[in-house]
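Peer 1: Below: one structure in structure tokens.
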Amino acid sequence: MNSLRLRLILGFSLVALVPLAVAMTLFSARIREAVEQQADGRLGGALVLLRGELHADGERLSESVAELARDPELRRLYLVEAATDAELRERLASQQFLLGLDYLWIADTSGALAADGAVAGRPRDAGRAPLAFEALPPVTGSGLALVAVRGVPALALDAAAPIRYRDQPVGWVRGGVLLDSMRLARLTRTSGVGLALTDAGDRRVASTWTDAGRHRTRSVPLALGRAPHPTLTGFVSTTAADESIASLRITSLALGLLGVAIAIALGVFLSHQLSRPVERLAAFSQRVARGEWNEPLRAGSLSELQALVTALERMRADLGESRDRLAAGERQAAYGQMARKVAHEIKNPLTPIAISVADLKRSFDQGRPDFPQILDQAVRTIGDEVQTLKRLIQEFSDFGRFPPPRFAPFDLGELLADLAALHAHEAAAGRLVFTPTAGALTLRADRDQLRQALLNLIQNGLDAVAAGGRVEVRAAPHAEGIEIVVSDTGPGLTAEQRSQLFVPGFTTKTGGSGLGLTIVERIVSDHRGTIAVDSASGAGTTFRIRLALDPGA
């Protein structure tokens with residue numbers, strides 16, 4: 001979580017997902033609550049309506065049966081022996097059809113069936129057989145009751161009334177309707193809710209409900225007749241609401257994924273916008289740490305970072321001034337050190353010169369016969385030492401009067417080709433290898449000074465390698481411009497030697513002046529470049545010079 005980009009992506013993702021998840025949860029709960037409330041209201045209203053309808057049907061049934069029991073024609077057909085059973089059954093069948101009853105019977109006082117209204121030729125419900133008289137329990141009294149039906153999955157809304165003659169009961173009129181699946185189906189079509197009928201023992205008698213999905217239920221007792229009473233249960237499916245909620249969740253998931261994708265895109269974009277100035281500041285700090293102080297800080301950063309940019313730019317300017325003052329001090333110290341070294345080095349050839357001159361004087365005064373030989377030896381000695389003095393003076397003069405570079409564009413590949421031609425003998429012997437550059441490498445620099453720096457590095461490498469060693473020179477484009485590498489397979493340098501490598505007067509060669517690498521470093525510094533050394537004892541040495549394509553840009 002240390003990445004700014006990752007934090008922004010996570011933050012935007014949470015902003016996109018959390019409100020959506022909360023809204024989806026609340027909306028789903030509200031939809032479910034509304035559907036359940038609607039279902040409960042629908043169930044309550046439908047069951048109350050159906051229960052009232054059944055109660056009204058029961059009252060009408062009870063009144064109709066009681067009226068039939070008082071019907072003179074019906075009593076005549078039942079009591080007068082001259083009447084035929086067919087006439088009585090026809091009368092019952094007509095009344096059963098007109099009243100819409102499922103059965104209509106006349107029983108004698110002993111409870112035996114006297115006449116049945118289920119006569120052939122009268123319309124009946126399709127698929128429903130006539131109810132047998134024995135399917136209902138015996139009549140126990142007048143009034144309305146809900147009774148179980150043996151052998152049939154139904155309850156009967158049953159009414160009975162006595163047939164009286166001279167105020168004495170001489171028989172019973174019994175009729176009713178069946179509360180079975182067919183009756184419940186009609187009620188379901190009317191109310192729009194599924195129904196189930198259970199008896200007093202909580203056994204389901206008939207049902208029109210077949211949906212196995214989520215649903216809401218409510219039950220009401222049918223208080224008709226004697227207790228205990230059966231129960232009518234209503235069902236309303238909530239599957240459609242569940243499907244709607246599932247669809248809402250899928251849509252929310254799709255929106256969430258889209259939100260995450262947008263959050264990632266925004267996080268990457270904004271983190272890039274925020275991190276780019278910081279990365280430029282970090283890169284600038286690294287360049288300053290490497291000593292590259294000449295390039296100013298160019299950062300069109302956020303206003304919040306502008307104070308830091310200003311502080312870094314002021315620090316760069318201060319470091320540049322400090323570097324110039326330090327370089328001037330180092331040059332003064334180097335001049336003093338070189339003066340002492342040159343004075344010391346001059347003493348060495350002056351001593352043999354003085355001895356040779358004194359020896360000549362003594363030999364001449366003594367008139368020695370071998371004076372010509374002594375003269376020749378003295379002349380050779382004095383000449384060698386004078387050449388040494390001239391070389392020391394020339395190197396010190398070059399170091400003290402080194403001119404500023406004159407920048408002009410040239411092809412680095414051509415310069416390397418010239419150096420290869422100059423060292424053709426070493427190249428032919430395999431001691432020096434120039435790796436060709438890929439294409440033209442054009443830069444603005446002082447060609448002569450850069451040539452002198454490379455000559456010094458190449459010569460140092462050739463002096464360091466043994467008979468079987470090799471020096472390699474190559475150049476290639478670099479992120480900051482061009483990199484020139486001079487490496488050798490020599491004995492390498494110790495850590496202490498690397499720390500003093502560019503100190504004027506320090507050398508690892510016998511008879512060296514210690515000014516060659518100092519001059520190389522000065523040339524690179526005047527070209528606003530950097531030089532680095534990679535070396536270890538026994539692992540060779542590699543010098544890396546990095547220059548800008550246009551130091552003045």
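So you can find residues: chains in the structure tokens are A, B, ... in the order shown, residues in each start at 1, and ligands are numbered from 1 in order.
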Near A:Ser13, counting only C-alpha atoms, which residues have an atom at most 10 Å away, once you skip same-chain residues fewer than 5 positions from it, shown as number ranges by chain?
Peer 2: A: 7-8, 18, 256-257, 259-264, 266-267
Peer 1: Any chance you could list, as an NGL selection string, the residues in stretch 375-515 of chain A that come up alpha helix (DSSP H) when DSSP is run on the backbone?
Peer 2: :A and (375-400 or 412-422 or 424-428 or 447-464 or 495-499)
Peer 1: One number please: atom CA of A:Val486 to atom CA of A:Ile545, in Å, one decimal.
Peer 2: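 Result for atom CA of A:Val486 versus atom CA of A:Ile545: 8.5 Å, one decimal.
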Peer 1: Using atom CA of A:Ala160 and atom CA of A:Phe133 as the two end points, give the distance in Å to one decimal.
Peer 2: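 Separation of atom CA of A:Ala160 and atom CA of A:Phe133: 13.4 Å.
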Peer 1: Looking at only C-alpha atoms, which of A:Gly538, A:Pro404, A:Pro137, A:Gly143 is the one that sits closest to A:Ala495?
Peer 2: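 Of A:Gly538, A:Pro404, A:Pro137, A:Gly143, the one nearest A:Ala495 is A:Gly538, counting only C-alpha atoms.
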Peer 1: Can you tell me which residues surround stretch 407-417 of chain A at a distance of at most 7 Å, considering only C-alpha atoms, apart from same-chain residues fewer than 3 positions away, and format the answer as a list of chain:residue names?
Peer 2: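 Here the answer would be A:Ala420, A:Ala421, A:Thr437, A:Ala440, A:Leu441, A:Thr442, A:Leu443, A:Arg444, A:Ala445, A:Asp446.
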Peer 1: Residues within 7 Å of stretch 524-528 of chain A, please, as a list in words. Count only C-alpha atoms; anything in the same chain fewer than 3 positions from it doesn't count.
Peer 2: Pro405, Ala445, Val520, Glu521, Ile531 and Pro551 of chain A
